[in-house]
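One file, entry_8.tsv, carrying TSV, C-alpha atoms:
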chain	number	residue	atom	x	y	z
A	278	MET	CA	179.98	176.87	65.67
A	279	ASN	CA	182.65	175.30	67.84
A	280	GLU	CA	183.79	173.20	64.93
A	281	TYR	CA	184.27	176.21	62.65
A	282	LEU	CA	186.14	178.08	65.36
A	283	LEU	CA	188.45	175.10	65.74
A	284	ILE	CA	189.06	174.97	61.99
A	285	PHE	CA	189.76	178.70	62.00
A	286	ILE	CA	192.22	178.69	64.90
A	287	GLY	CA	193.76	175.47	63.67
A	288	THR	CA	194.56	176.98	60.28
A	289	VAL	CA	195.74	180.31	61.70
A	290	LEU	CA	198.18	178.92	64.25
A	291	VAL	CA	198.73	175.17	63.96
A	292	ASN	CA	198.63	174.58	60.23
A	293	ASN	CA	199.79	178.05	59.26
A	294	ILE	CA	199.77	178.29	55.50
A	295	ILE	CA	203.19	179.94	55.27
A	296	LEU	CA	205.24	178.60	58.15
A	297	VAL	CA	203.90	175.04	58.36
A	298	LYS	CA	202.53	174.27	54.90
A	299	PHE	CA	205.15	176.43	53.13
A	300	LEU	CA	202.68	177.85	50.60
A	301	GLY	CA	202.65	181.46	49.41
A	302	LEU	CA	206.31	182.03	50.15
A	303	CYS	CA	206.87	184.51	47.31
A	304	PRO	CA	204.57	187.24	48.65
A	305	PHE	CA	205.88	186.36	52.13
A	306	MET	CA	209.40	187.33	51.06
A	307	SER	CA	208.63	190.07	48.56
A	308	VAL	CA	205.72	192.03	50.02
A	309	SER	CA	207.03	192.01	53.58
A	310	THR	CA	209.43	194.93	53.30
A	311	LYS	CA	206.87	197.47	54.50
A	312	TYR	CA	204.35	197.04	57.29
A	313	GLU	CA	201.54	198.94	55.52
A	314	THR	CA	201.92	197.01	52.27
A	315	ALA	CA	201.91	193.76	54.21
A	316	TRP	CA	198.49	194.67	55.62
A	317	GLY	CA	197.17	195.56	52.17
A	318	MET	CA	198.39	192.25	50.82
A	319	GLY	CA	196.96	190.41	53.82
A	320	LEU	CA	193.51	191.97	53.42
A	321	ALA	CA	193.47	191.21	49.70
A	322	THR	CA	194.47	187.62	50.42
A	323	MET	CA	191.75	187.26	53.03
A	324	PHE	CA	189.20	188.43	50.51
A	325	VAL	CA	190.45	186.25	47.63
A	326	LEU	CA	191.05	183.11	49.68
A	327	THR	CA	187.63	183.04	51.30
A	328	LEU	CA	185.92	183.71	48.00
A	329	SER	CA	188.00	181.19	46.07
A	330	SER	CA	187.52	178.41	48.65
A	331	ILE	CA	183.75	178.82	48.32
A	332	CYS	CA	183.83	178.99	44.52
A	333	SER	CA	186.17	176.05	44.09
A	334	TYR	CA	184.07	174.00	46.50
A	335	LEU	CA	180.94	174.76	44.47
A	336	LEU	CA	182.74	173.91	41.22
A	337	HIS	CA	184.02	170.64	42.62
A	338	ARG	CA	180.75	169.60	44.25
A	339	TYR	CA	178.33	170.52	41.47
A	340	LEU	CA	180.34	170.15	38.27
A	341	LEU	CA	183.45	168.03	38.64
A	342	VAL	CA	182.06	165.26	40.88
A	343	PRO	CA	178.73	164.65	39.04
A	344	PHE	CA	180.52	164.43	35.68
A	345	GLU	CA	183.46	162.46	37.12
A	346	LEU	CA	185.93	165.12	36.05
A	347	GLU	CA	187.99	165.31	39.25
A	348	TYR	CA	191.22	165.15	37.25
A	349	LEU	CA	190.39	168.60	35.83
A	350	ARG	CA	190.23	170.26	39.23
A	351	ILE	CA	193.54	172.16	39.03
A	352	ILE	CA	192.78	173.87	35.72
A	353	GLY	CA	189.14	174.30	36.73
A	354	PHE	CA	190.05	175.95	40.04
A	355	ILE	CA	192.54	178.28	38.37
A	356	LEU	CA	189.90	179.29	35.82
A	357	VAL	CA	187.27	179.95	38.46
A	358	ILE	CA	189.58	181.79	40.85
A	359	ALA	CA	191.06	184.01	38.13
A	360	SER	CA	187.64	184.91	36.73
A	361	VAL	CA	186.07	185.61	40.11
A	362	VAL	CA	188.97	187.80	41.22
A	363	GLN	CA	188.96	189.69	37.93
A	364	PHE	CA	185.21	190.19	38.26
A	365	THR	CA	185.47	191.53	41.82
A	366	GLU	CA	188.34	193.78	40.80
A	367	THR	CA	186.21	195.32	38.02
A	368	VAL	CA	183.19	195.76	40.29
A	369	LEU	CA	185.33	197.14	43.11
A	370	HIS	CA	186.95	199.66	40.78
A	371	LYS	CA	183.52	201.03	39.92
A	372	THR	CA	181.69	200.82	43.21
A	373	SER	CA	184.36	201.54	45.81
A	374	PRO	CA	187.38	203.47	44.49
A	375	LEU	CA	188.85	203.80	47.99
A	376	LEU	CA	188.88	200.06	48.64
A	377	HIS	CA	190.19	199.55	45.13
A	378	GLN	CA	193.08	201.86	45.90
A	379	VAL	CA	193.97	199.81	48.96
A	380	LEU	CA	193.54	196.33	47.49
A	381	GLY	CA	193.75	197.06	43.76
A	382	ILE	CA	197.33	196.15	42.96
A	383	PHE	CA	197.35	193.12	45.22
A	384	LEU	CA	194.25	191.41	43.84
A	385	PRO	CA	195.73	190.21	40.52
A	386	LEU	CA	198.98	189.45	42.33
A	387	ILE	CA	197.34	187.11	44.82
A	388	THR	CA	195.26	185.34	42.16
A	389	VAL	CA	198.23	183.50	40.73
A	390	ASN	CA	199.54	182.61	44.16
A	391	CYS	CA	200.13	178.98	45.08
A	392	ALA	CA	198.48	179.52	48.49
A	393	VAL	CA	195.12	180.17	46.81
A	394	LEU	CA	195.24	177.02	44.72
A	395	GLY	CA	196.75	175.11	47.64
A	396	VAL	CA	193.87	175.98	49.96
A	397	ALA	CA	191.32	174.96	47.32
A	398	LEU	CA	193.03	171.59	46.87
A	399	LEU	CA	193.44	171.05	50.62
A	400	ASN	CA	189.71	171.66	51.06
A	401	ILE	CA	188.99	168.83	48.62
A	402	GLN	CA	191.57	166.60	50.27
A	403	GLN	CA	190.06	167.16	53.72
A	404	GLN	CA	186.53	166.67	52.33
A	405	ASN	CA	185.31	169.90	53.90
A	406	ASN	CA	181.74	171.01	53.28
A	407	LEU	CA	180.83	174.51	52.08
A	408	LEU	CA	180.99	176.31	55.44
A	409	GLN	CA	184.04	174.38	56.54
A	410	SER	CA	185.74	175.36	53.29
A	411	ALA	CA	184.93	179.01	53.89
A	412	ALA	CA	186.24	178.80	57.48
A	413	PHE	CA	189.37	177.03	56.26
A	414	GLY	CA	189.97	179.68	53.58
A	415	LEU	CA	189.38	182.55	55.99
A	416	GLY	CA	191.62	180.93	58.60
A	417	ALA	CA	194.41	180.29	56.12
A	418	ALA	CA	194.23	183.91	54.98
A	419	ALA	CA	194.16	185.22	58.55
A	420	GLY	CA	197.23	183.12	59.31
A	421	PHE	CA	198.88	184.47	56.18
A	422	THR	CA	198.11	188.06	57.19
A	423	LEU	CA	199.29	187.51	60.75
A	424	VAL	CA	202.63	186.03	59.71
A	425	LEU	CA	203.13	188.57	56.91
A	426	ALA	CA	202.49	191.52	59.23
A	427	LEU	CA	204.74	190.11	61.98
A	428	PHE	CA	207.49	189.40	59.49
A	429	ALA	CA	207.20	192.84	57.85
A	430	ALA	CA	207.45	194.55	61.24
A	431	MET	CA	210.55	192.52	62.03
A	432	ARG	CA	212.13	193.25	58.66
A	433	GLN	CA	211.66	196.97	59.12
A	434	ARG	CA	213.64	196.72	62.34
A	435	LEU	CA	216.20	194.45	60.71
A	436	ASN	CA	216.88	197.14	58.11
A	437	ALA	CA	218.04	199.46	60.85
A	438	ALA	CA	219.88	196.76	62.80
A	439	ASP	CA	223.62	196.25	62.64
A	440	VAL	CA	223.61	193.00	60.68
A	441	PRO	CA	226.97	191.52	59.57
A	442	TRP	CA	227.66	192.44	55.97
A	443	ALA	CA	227.39	188.87	54.66
A	444	PHE	CA	223.89	188.45	56.14
A	445	LYS	CA	222.42	191.79	55.06
A	446	GLY	CA	219.14	191.74	53.13
A	447	ALA	CA	217.67	188.43	52.01
A	448	PRO	CA	219.88	186.04	54.08
A	449	ILE	CA	218.88	187.52	57.45
A	450	ALA	CA	215.25	187.65	56.28
A	451	LEU	CA	215.35	183.93	55.47
A	452	ILE	CA	216.97	183.15	58.82
A	453	THR	CA	214.27	185.20	60.57
A	454	ALA	CA	211.59	183.32	58.64
A	455	SER	CA	213.04	180.00	59.71
A	456	PHE	CA	213.05	181.09	63.37
A	457	MET	CA	209.41	182.08	62.97
A	458	ALA	CA	208.64	178.64	61.55
A	459	VAL	CA	210.33	177.03	64.55
A	460	ALA	CA	208.31	179.26	66.87
A	461	PHE	CA	205.06	178.38	65.13
A	462	SER	CA	205.83	174.67	65.38
A	463	GLY	CA	205.30	175.22	69.11
A	464	PHE	CA	201.59	175.57	68.37
A	465	SER	CA	201.29	171.99	67.11
A	466	GLY	CA	199.04	170.02	69.39
A	467	LEU	CA	197.05	173.12	70.35
A	468	VAL	CA	194.07	171.93	68.32
A	469	LYS	CA	193.62	168.26	67.59
B	247	MET	CA	186.57	163.07	27.12
B	248	ILE	CA	183.72	164.92	25.41
B	249	THR	CA	182.21	165.91	28.78
B	250	ALA	CA	185.60	167.18	29.92
B	251	ILE	CA	186.08	169.34	26.83
B	252	THR	CA	182.52	170.67	26.78
B	253	SER	CA	182.40	171.42	30.49
B	254	MET	CA	185.73	173.27	30.45
B	255	ALA	CA	184.85	175.14	27.27
B	256	GLY	CA	181.39	175.94	28.64
B	257	LEU	CA	182.87	177.16	31.91
B	258	ALA	CA	185.39	179.34	30.09
B	259	LEU	CA	182.65	180.71	27.83
B	260	ILE	CA	180.37	181.55	30.76
B	261	PHE	CA	183.17	183.28	32.67
B	262	GLY	CA	184.28	185.10	29.53
B	263	LEU	CA	180.75	186.40	28.98
B	264	ILE	CA	180.42	187.46	32.62
B	265	LEU	CA	183.77	189.26	32.54
B	266	SER	CA	183.08	191.05	29.28
B	267	TYR	CA	179.67	192.10	30.59
B	268	ALA	CA	181.32	193.34	33.80
B	269	ALA	CA	183.95	195.25	31.85
B	270	PHE	CA	181.15	196.91	29.88
B	271	ARG	CA	178.72	197.44	32.77
B	272	PHE	CA	181.24	198.61	35.38
B	273	LYS	CA	183.46	200.63	33.06
B	274	VAL	CA	185.23	203.40	34.93
B	275	GLU	CA	185.15	206.68	33.07
B	276	GLY	CA	188.52	208.36	33.33
B	277	ASN	CA	189.32	211.85	32.14
B	278	PRO	CA	188.61	211.62	28.38
B	279	VAL	CA	191.36	214.13	27.58
B	280	VAL	CA	193.89	211.98	29.39
B	281	GLU	CA	192.74	208.99	27.34
B	282	LYS	CA	193.19	210.91	24.08
B	283	LEU	CA	196.53	212.26	25.16
B	284	ASP	CA	197.66	208.80	26.16
B	285	GLU	CA	196.80	207.57	22.65
B	286	LEU	CA	199.05	210.23	21.13
B	287	LEU	CA	202.09	209.16	23.13
B	288	PRO	CA	204.29	206.38	21.71
B	289	GLN	CA	203.48	203.88	24.53
B	290	SER	CA	207.08	202.77	24.80
B	291	GLN	CA	206.91	203.52	28.58
B	292	CYS	CA	210.57	204.55	28.43
B	293	GLY	CA	210.31	207.17	31.19
B	294	LYS	CA	212.57	209.64	29.36
B	295	CYS	CA	210.08	212.40	30.13
B	296	GLY	CA	210.80	211.79	33.81
B	297	TYR	CA	207.42	210.20	34.52
B	298	PRO	CA	207.02	206.47	35.17
B	299	GLY	CA	205.26	205.85	31.86
B	300	CYS	CA	203.17	207.31	29.07
B	301	ARG	CA	199.91	207.42	30.99
B	302	PRO	CA	201.40	209.07	34.08
B	303	TYR	CA	202.94	211.66	31.74
B	304	ALA	CA	199.56	212.26	30.09
B	305	GLU	CA	197.97	212.67	33.53
B	306	ALA	CA	200.75	215.03	34.57
B	307	ILE	CA	200.19	217.22	31.50
B	308	ILE	CA	196.52	217.60	32.42
B	309	ASN	CA	196.67	217.65	36.21
B	310	ALA	CA	200.16	218.85	37.13
B	311	ASN	CA	200.71	221.24	34.23
B	312	ALA	CA	203.75	219.35	32.93
B	313	LEU	CA	205.51	220.63	29.81
B	314	ILE	CA	204.26	219.11	26.56
B	315	ASN	CA	207.69	218.80	24.93
B	316	LEU	CA	209.33	216.17	27.10
B	317	CYS	CA	208.66	213.08	24.98
B	318	SER	CA	211.82	212.58	22.96
B	319	PRO	CA	210.86	209.19	21.38
B	320	GLY	CA	207.68	210.80	20.03
B	321	GLY	CA	209.68	213.66	18.51
B	322	GLU	CA	208.36	216.94	17.15
B	323	ASN	CA	205.32	215.21	15.62
B	324	THR	CA	204.04	214.19	19.03
B	325	VAL	CA	204.58	217.67	20.41
B	326	HIS	CA	202.64	219.08	17.43
B	327	SER	CA	199.71	216.70	17.95
B	328	ILE	CA	199.61	217.33	21.72
B	329	ALA	CA	199.68	221.08	21.07
B	330	ASP	CA	196.80	220.70	18.61
B	331	LEU	CA	194.75	218.60	21.02
B	332	LEU	CA	195.19	220.93	23.97
B	333	ASN	CA	195.11	224.12	21.93
B	334	ARG	CA	198.49	225.15	23.23
B	335	ASP	CA	201.40	226.73	21.39
B	336	PHE	CA	203.98	224.47	19.83
B	337	VAL	CA	207.19	224.23	21.87
B	338	PRO	CA	210.35	222.79	20.35
B	339	LEU	CA	211.36	219.40	21.70
B	340	ASP	CA	213.25	219.62	24.96
B	341	GLN	CA	216.74	218.32	24.26
B	342	SER	CA	217.80	218.52	27.88
B	343	THR	CA	215.40	215.99	29.37
B	344	VAL	CA	218.53	214.38	30.70
B	345	VAL	CA	220.04	216.86	33.13
B	346	ASP	CA	223.83	217.08	33.02
B	347	ASN	CA	224.67	216.89	36.70
B	348	ARG	CA	228.22	215.65	36.40
B	349	LYS	CA	230.71	217.21	38.75
B	350	THR	CA	232.53	220.24	37.31
B	351	TRP	CA	235.60	222.00	38.61
B	352	ALA	CA	237.98	224.76	37.60
B	353	VAL	CA	241.52	224.11	36.38
B	354	ILE	CA	244.21	226.81	36.23
B	355	ASP	CA	246.66	226.65	33.34
B	356	GLU	CA	249.74	227.10	35.48
B	357	GLN	CA	251.95	228.15	32.54
B	358	LYS	CA	249.79	231.22	31.93
B	359	CYS	CA	249.01	232.18	35.55
B	360	ILE	CA	250.59	235.52	36.55
B	361	GLY	CA	249.86	235.20	40.27
B	362	CYS	CA	247.47	238.14	40.59
B	363	THR	CA	245.35	236.50	43.39
B	364	LEU	CA	242.12	237.89	41.89
B	365	CYS	CA	240.65	234.41	41.55
B	366	ILE	CA	241.56	233.57	45.13
B	367	GLN	CA	239.53	236.57	46.33
B	368	ALA	CA	236.62	235.58	44.12
B	369	CYS	CA	236.50	231.96	45.23
B	370	PRO	CA	233.66	231.51	47.76
B	371	VAL	CA	234.92	228.19	49.08
B	372	ASP	CA	238.67	228.92	49.34
B	373	ALA	CA	239.45	226.20	46.86
B	374	ILE	CA	242.33	228.11	45.20
B	375	VAL	CA	245.78	228.15	46.78
B	376	GLY	CA	248.67	230.46	45.94
B	377	SER	CA	249.99	233.90	46.86
B	378	ALA	CA	250.95	237.14	45.11
B	379	LYS	CA	253.38	236.65	42.20
B	380	GLN	CA	253.19	232.91	42.80
B	381	MET	CA	251.48	230.37	40.61
B	382	HIS	CA	247.92	229.41	41.76
B	383	THR	CA	246.19	226.11	41.62
B	384	VAL	CA	242.71	224.73	42.36
B	385	ILE	CA	242.03	222.08	44.98
B	386	THR	CA	239.79	219.86	42.88
B	387	ALA	CA	238.05	218.22	45.82
B	388	GLU	CA	237.01	221.60	47.25
B	389	CYS	CA	235.91	223.25	44.00
B	390	THR	CA	232.14	223.46	43.56
B	391	GLY	CA	232.26	224.47	39.90
B	392	CYS	CA	230.53	227.81	40.48
B	393	GLU	CA	232.59	229.56	37.77
B	394	LYS	CA	232.99	232.73	39.91
B	395	CYS	CA	236.76	232.68	39.30
B	396	LEU	CA	236.39	232.92	35.51
B	397	PRO	CA	235.49	236.64	35.08
B	398	PRO	CA	238.19	238.17	37.35
B	399	CYS	CA	241.12	236.31	35.71
B	400	PRO	CA	242.99	238.90	33.57
B	401	VAL	CA	244.78	236.30	31.44
B	402	ALA	CA	241.87	233.84	31.04
B	403	CYS	CA	243.91	230.91	32.23
B	404	ILE	CA	241.04	229.16	34.08
B	405	THR	CA	238.96	226.52	32.33
B	406	MET	CA	236.08	224.43	33.58
B	407	VAL	CA	236.51	220.67	33.38
B	408	LYS	CA	233.71	218.11	33.52
B	409	GLU	CA	234.05	214.72	35.03
B	410	THR	CA	234.43	212.17	32.23
B	411	PRO	CA	231.54	209.72	32.39
B	412	SER	CA	232.58	206.19	33.17
B	413	LEU	CA	230.65	203.02	33.79
B	414	ALA	CA	230.98	203.41	37.55
B	415	LEU	CA	229.83	207.04	37.58
B	416	TRP	CA	226.96	206.88	35.10
B	417	HIS	CA	223.43	206.35	36.37
B	418	TRP	CA	219.91	206.73	35.08
B	419	PRO	CA	218.41	210.14	35.66
B	420	LEU	CA	215.90	210.10	38.49
B	421	PRO	CA	212.28	210.40	37.44
B	422	CYS	CA	210.88	213.78	38.42
B	423	GLY	CA	207.24	212.72	38.25
B	424	ALA	CA	204.87	210.84	40.49
B	425	ILE	CA	207.47	208.75	42.32
B	426	SER	CA	209.68	211.56	43.57
B	427	GLN	CA	206.64	213.64	44.43
B	428	LYS	CA	205.42	210.83	46.66
B	429	ALA	CA	208.85	210.48	48.21
B	430	ALA	CA	209.02	214.18	48.96

Written as structure tokens, how would this file's structure read?
Amino acid sequence: MNEYLLIFIGTVLVNNIILVKFLGLCPFMSVSTKYETAWGMGLATMFVLTLSSICSYLLHRYLLVPFELEYLRIIGFILVIASVVQFTETVLHKTSPLLHQVLGIFLPLITVNCAVLGVALLNIQQQNNLLQSAAFGLGAAAGFTLVLALFAAMRQRLNAADVPWAFKGAPIALITASFMAVAFSGFSGLVK
Amino acid sequence: MITAITSMAGLALIFGLILSYAAFRFKVEGNPVVEKLDELLPQSQCGKCGYPGCRPYAEAIINANALINLCSPGGENTVHSIADLLNRDFVPLDQSTVVDNRKTWAVIDEQKCIGCTLCIQACPVDAIVGSAKQMHTVITAECTGCEKCLPPCPVACITMVKETPSLALWHWPLPCGAISQKAA
């Protein structure tokens, strides 16, 4: 249990997927203009990342390794992740319209995100087992959600702030993001 | 090589079968009238009706009682088929889906003006200057284009002028459908 907790906290704070690994930067910049949307995106990511880490682990362990097809893992992971997300989206639409309304638009958006593929590949690289993969995926997604929500809250205040004309909009957002990355580098060494 | 091809193809086949089964098994039944109406519309998603696309327009006709004659790309034929489907009366195509909201103002032909001050009394915003037996003129920036000065003028020397559209002034008409309703 301790080990999974360490993996979780380690991926949320120390090896944050956005600010340390620099994956998933496009939703980080584009979906962070509103606090509520950031949460929707974060929840959808949490769902997809955990699911896709498990699925890609199973694919790698039981299909690619026995047949010595490791070189096909990128295309295989994309195939599995896209299908699983599409499947859940269809089922969700039927069974829980409310949840579908919250997550619906974000699910296909997050499928093609580099963070999802990145986490699957990192799992293989770190030789995580099934539960470790799930913890890693959940942690990465929680870190993603945390940073996205923090950043969105800051950007909403930045919109109202008196920013010099040349820095208005994207430039000040990028500068803010870089400060956040510096702040998060302070967590390194928290978990060995 | 063969294992690679067969395993990938097999995987794709399995997922394809699962997805098609899911699409069939978990199909969400929408309003069937909306579906039919959506099929009648041209699917160019141009937004000229003021709704974000053809399907939102179809939903608005059913749920929000939108007019059926707003689709100008579909033309009269589309209006006819929608009227048939919904058992409503045919309405001629609405030519004014684009609202003309350019700024208008009054201009006094100063050669003809006799200085009667009737238009000055009629003007609700005091946009006309001049005095008795003196030539009048309109302060363009103050004029709201209400046309109240037109009827009293005994010599009909006032005309309404519209702002000429230029690249800087022109903009897309705002959609009046789902988006602005949410914003409001």

* Contacts of stretch 371-381 of chain B within 9 Å, all atoms listed in the file, excl. fewer than 2 positions in-chain, as a VMD selection string -> chain B and resid 356 to 363 365 to 369 383 to 390

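Restricting the calculation to all atoms listed in the file, the smallest distance between chain B and any of A:Ser410, A:Thr453, A:Gln378, A:Gln363 is found for A:Gln363.
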
* Mind checking which residues fall within 9 Å of A:Ile295, counting all atoms listed in the file, ignoring those fewer than 2 positions away in the same chain, and posting them as a ChimeraX atom specification? => /A:292-293,297-302,305,392,417,420-421,424-425,458

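You can rank A:Val308, A:Leu408, A:Leu328, A:Ile351 by their closest distance to A:Cys391 using all atoms listed in the file, and at the top of that list sits A:Ile351.
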
Wanna dump the chain B-chain A contacts at 9 Å for me, each residue with its shortest atom pair and the distance in Å to one decimal, counting all atoms listed in the file, ordered by chain and number, as CSV?
residue,atom,partner,partner_atom,distance
B:Thr249,CA,A:Phe344,CA,7.3
B:Ala250,CA,A:Leu346,CA,6.5
B:Ser253,CA,A:Leu340,CA,8.1
B:Met254,CA,A:Gly353,CA,7.2
B:Leu257,CA,A:Leu356,CA,8.3
B:Ala258,CA,A:Leu356,CA,7.3
B:Phe261,CA,A:Ser360,CA,6.3
B:Gly262,CA,A:Ser360,CA,7.9
B:Ile264,CA,A:Phe364,CA,7.9
B:Leu265,CA,A:Phe364,CA,6.0
B:Ala268,CA,A:Phe364,CA,6.7
B:Ala269,CA,A:Thr367,CA,6.6
B:Arg271,CA,A:Val368,CA,8.9
B:Phe272,CA,A:Lys371,CA,5.6
B:Lys273,CA,A:Lys371,CA,6.9
B:Val274,CA,A:Lys371,CA,5.8

* Identify which of the residues A:Ser462, A:Ser329, A:Pro448, A:Cys303 lies closest to A:Val393, counting all atoms listed in the file when measuring atom-to-atom distances. => A:Ser329

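Atom CA of A:Thr327 to atom CA of A:Leu415 spans 5.0 Å [interatomic distance, one decimal].
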
* Could you work out how far atom CA of A:Gly416 lies from atom CA of A:Thr288, giving the answer in Å with one decimal? -> 5.2 Å

* To do: Please work out which residues fall within 12 Å of (193.9, 176.0, 63.9), coordinates as given in the file, with all atoms listed in the file counting, and return them as a VMD selection string.
  => chain A and resid 279 to 294 297 412 to 420 461 464 to 469

Padded axis-aligned box of stretch 352-369 of chain A (8 Å per side), centre and edge lengths, Å, one decimal, as lines of an AutoDock Vina configuration file:
center_x = 188.0
center_y = 185.5
center_z = 39.4
size_x = 25.6
size_y = 39.3
size_z = 23.4

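Protein, DNA and RNA residues at most 8 Å from (193.2, 218.0, 32.0), with all atoms listed in the file, are these: B:Asn277, B:Val279, B:Val280, B:Glu305, B:Ile307, B:Ile308, B:Asn309.
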
* Would you mind listing what lies within 9 Å of B:Phe336 as number ranges by chain, with only C-alpha atoms counted and same-chain residues fewer than 3 positions away left out? => B: 314-315, 325-326, 328-330

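Take atom CA of A:Val396 and atom CA of A:His377: the distance between them is 24.3 Å.
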
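Residues lying within 8 Å of A:Leu407, counting all atoms listed in the file and ignoring same-chain neighbours fewer than 6 positions away, are Ile331, Tyr334 and Leu335 of chain A.
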
* Structure fact -> Among A:Met278, A:Ala450, A:Leu296, A:Ala426, A:Met318 is approached most closely, using all atoms listed in the file, by A:Ala426
